[in-house]
Amino acid sequence: MEIIVKDTVEEMSQTAARVVARTLNSKPNAVLGLATGSTPLGLYQELVRMHREGGLNFSQVTTFNLDEYAGLTQKHPQSYHYFMHENLFKHINIAKQNIFIPSGTTDNYEAFCAWYEQRIVECGGIDLQILGIGSDGHIAFNEPSSSLGSRTRIKTLAKQTIDDNARFFDSPREVPVYAITMGVGTILEARRIVLLAHGKHKAEAVARAIEGPVTSMITASALQLHRDVMFIVDRDAASSLDNLDYYEWIQDKMVDAP
Ligand code: PGA
């Protein structure tokens, strides 16, 4: 695991954007796994800037989003379809047919989930997966006790997640209780994974994901099993790490690595 600590959320976002840009430069038809929420906003802004000012090209890129609330239409302002369109897709040259986001309104969730998994495989698998982390340690909507082998499915949201996400809705009662989400097992099949986190409220989850035991109670801890994972976090999100000095020593030395 590579653990990169940045002083600010802006630097966190820029570092992540450089990883995405490098991926697209070496593989113009890369498959990206994308996340929603407040965490990747700065990353998306930076990618839009790189597209406008540096010509970062998304014309052959395919994307798969991690999750969507069950019951929200694509036009609902809190749906992840809407979020992705507003914050990224409408600003870049991605082909509409290459965008995949779980459906929150399918009449057959089971069939949809199987199709989504199959579509990822047909597109060659995910080259680079972007993740946030919930304050309960979740990745995507894989809440505590989710199987570490889980696949795309309907999931009941934890009370903690509903409370965390209530800030985006008029009242906590409006937050959907169910979501469709890629599973931990689906995520672990990505070739490369970058998890972003900023803010003190993520510090405990980040520490447990990186330094705690691998446990379904902190699904981000399953990333310890992945061969190419990078945590890019700001100083607040890194503040509960026991071995912060060690990670910074490694980062410092990596510059001159043979
Ligand atoms: P946030 O959510 O980016 O809005 O903090 C992250 C998550 O729940 O995965």
# chains A, B, ... in the order shown; residues from 1 in each chain; ligands from 1
>>> select_by_dssp(residues="region 86-216 of chain A", states="strand (DSSP E or B)", output="ChimeraX atom specification")
/A:99-100,128-131,139,142,153-156,178-181,192-197,215
>>> write_last_selection(atoms="N, CA and C atoms", output="tab-separated table (two decimals), in the first residue's frame")
chain	number	residue	atom	x	y	z
A	99	ILE	N	-20.74	5.65	-20.42
A	99	ILE	CA	-20.96	5.98	-19.01
A	99	ILE	C	-21.92	4.94	-18.40
A	100	PHE	N	-21.48	4.31	-17.33
A	100	PHE	CA	-22.33	3.33	-16.65
A	100	PHE	C	-22.47	3.72	-15.17
A	128	LEU	N	-8.61	1.69	-13.17
A	128	LEU	CA	-8.32	2.56	-12.02
A	128	LEU	C	-9.63	2.86	-11.30
A	129	GLN	N	-9.71	2.47	-10.05
A	129	GLN	CA	-10.93	2.69	-9.26
A	129	GLN	C	-10.68	3.80	-8.24
A	130	ILE	N	-11.50	4.85	-8.29
A	130	ILE	CA	-11.44	5.92	-7.29
A	130	ILE	C	-12.44	5.60	-6.19
A	131	LEU	N	-12.00	5.75	-4.94
A	131	LEU	CA	-12.89	5.49	-3.79
A	131	LEU	C	-12.84	6.65	-2.80
A	139	ILE	N	-16.56	1.36	1.87
A	139	ILE	CA	-16.21	1.75	0.52
A	139	ILE	C	-17.44	1.46	-0.34
A	142	ASN	N	-20.78	-0.40	0.85
A	142	ASN	CA	-20.55	-1.66	1.56
A	142	ASN	C	-20.41	-1.37	3.05
A	153	ARG	N	-25.04	-5.36	-5.69
A	153	ARG	CA	-26.31	-5.82	-5.10
A	153	ARG	C	-27.02	-4.65	-4.43
A	154	ILE	N	-28.22	-4.94	-3.95
A	154	ILE	CA	-28.97	-3.96	-3.14
A	154	ILE	C	-28.46	-4.05	-1.71
A	155	LYS	N	-28.29	-2.89	-1.09
A	155	LYS	CA	-27.73	-2.89	0.27
A	155	LYS	C	-28.55	-1.94	1.13
A	156	THR	N	-28.78	-2.32	2.37
A	156	THR	CA	-29.44	-1.42	3.32
A	156	THR	C	-28.38	-0.49	3.90
A	178	TYR	N	-32.08	2.36	0.98
A	178	TYR	CA	-31.44	1.31	0.20
A	178	TYR	C	-30.62	1.92	-0.94
A	179	ALA	N	-29.60	1.19	-1.31
A	179	ALA	CA	-28.79	1.63	-2.44
A	179	ALA	C	-28.35	0.41	-3.22
A	180	ILE	N	-28.01	0.63	-4.48
A	180	ILE	CA	-27.42	-0.43	-5.29
A	180	ILE	C	-25.93	-0.10	-5.33
A	181	THR	N	-25.10	-1.08	-5.02
A	181	THR	CA	-23.67	-0.80	-4.89
A	181	THR	C	-22.81	-1.93	-5.42
A	192	ARG	N	-6.06	-1.13	-10.27
A	192	ARG	CA	-5.42	-0.17	-9.38
A	192	ARG	C	-6.52	0.57	-8.63
A	193	ILE	N	-6.24	0.89	-7.37
A	193	ILE	CA	-7.25	1.55	-6.55
A	193	ILE	C	-6.64	2.78	-5.87
A	194	VAL	N	-7.36	3.89	-5.91
A	194	VAL	CA	-6.94	5.09	-5.19
A	194	VAL	C	-8.07	5.50	-4.25
A	195	LEU	N	-7.79	5.50	-2.96
A	195	LEU	CA	-8.79	5.94	-1.98
A	195	LEU	C	-8.42	7.33	-1.48
A	196	LEU	N	-9.40	8.22	-1.52
A	196	LEU	CA	-9.19	9.60	-1.07
A	196	LEU	C	-9.96	9.85	0.22
A	197	ALA	N	-9.38	10.67	1.10
A	197	ALA	CA	-10.11	11.06	2.31
A	197	ALA	C	-9.55	12.38	2.81
A	215	THR	N	-11.27	-6.59	8.25
A	215	THR	CA	-12.55	-7.00	8.85
A	215	THR	C	-13.72	-6.45	8.05
>>> residues_near_ligand(ligand="ligand 1", cutoff="10 Å", atoms="only C-alpha atoms and all ligand atoms", output="PyMOL selection string")
chain A and resi 35-41+66-67+131-143+160-162+164-165+167-168+195-199+201-202+220
>>> select_by_dssp(residues="region 27-209 of chain A", states="alpha helix (DSSP H)", output="number ranges by chain")
A: 41-54, 80-87, 109-122, 159-165, 184-188, 203-209
>>> atom_distance(atom1="CA of Tyr44 (chain A)", atom2="CA of Glu10 (chain A)")
11.4 Å
>>> closest_residue(among="A:Gly124, A:Gly149, A:Gly104, A:Gly55", to="Ser79 (chain A)", atoms="only C-alpha atoms")
A:Gly104
>>> atom_distance(atom1="CA of Met12 (chain A)", atom2="CA of Ile210 (chain A)")
17.3 Å
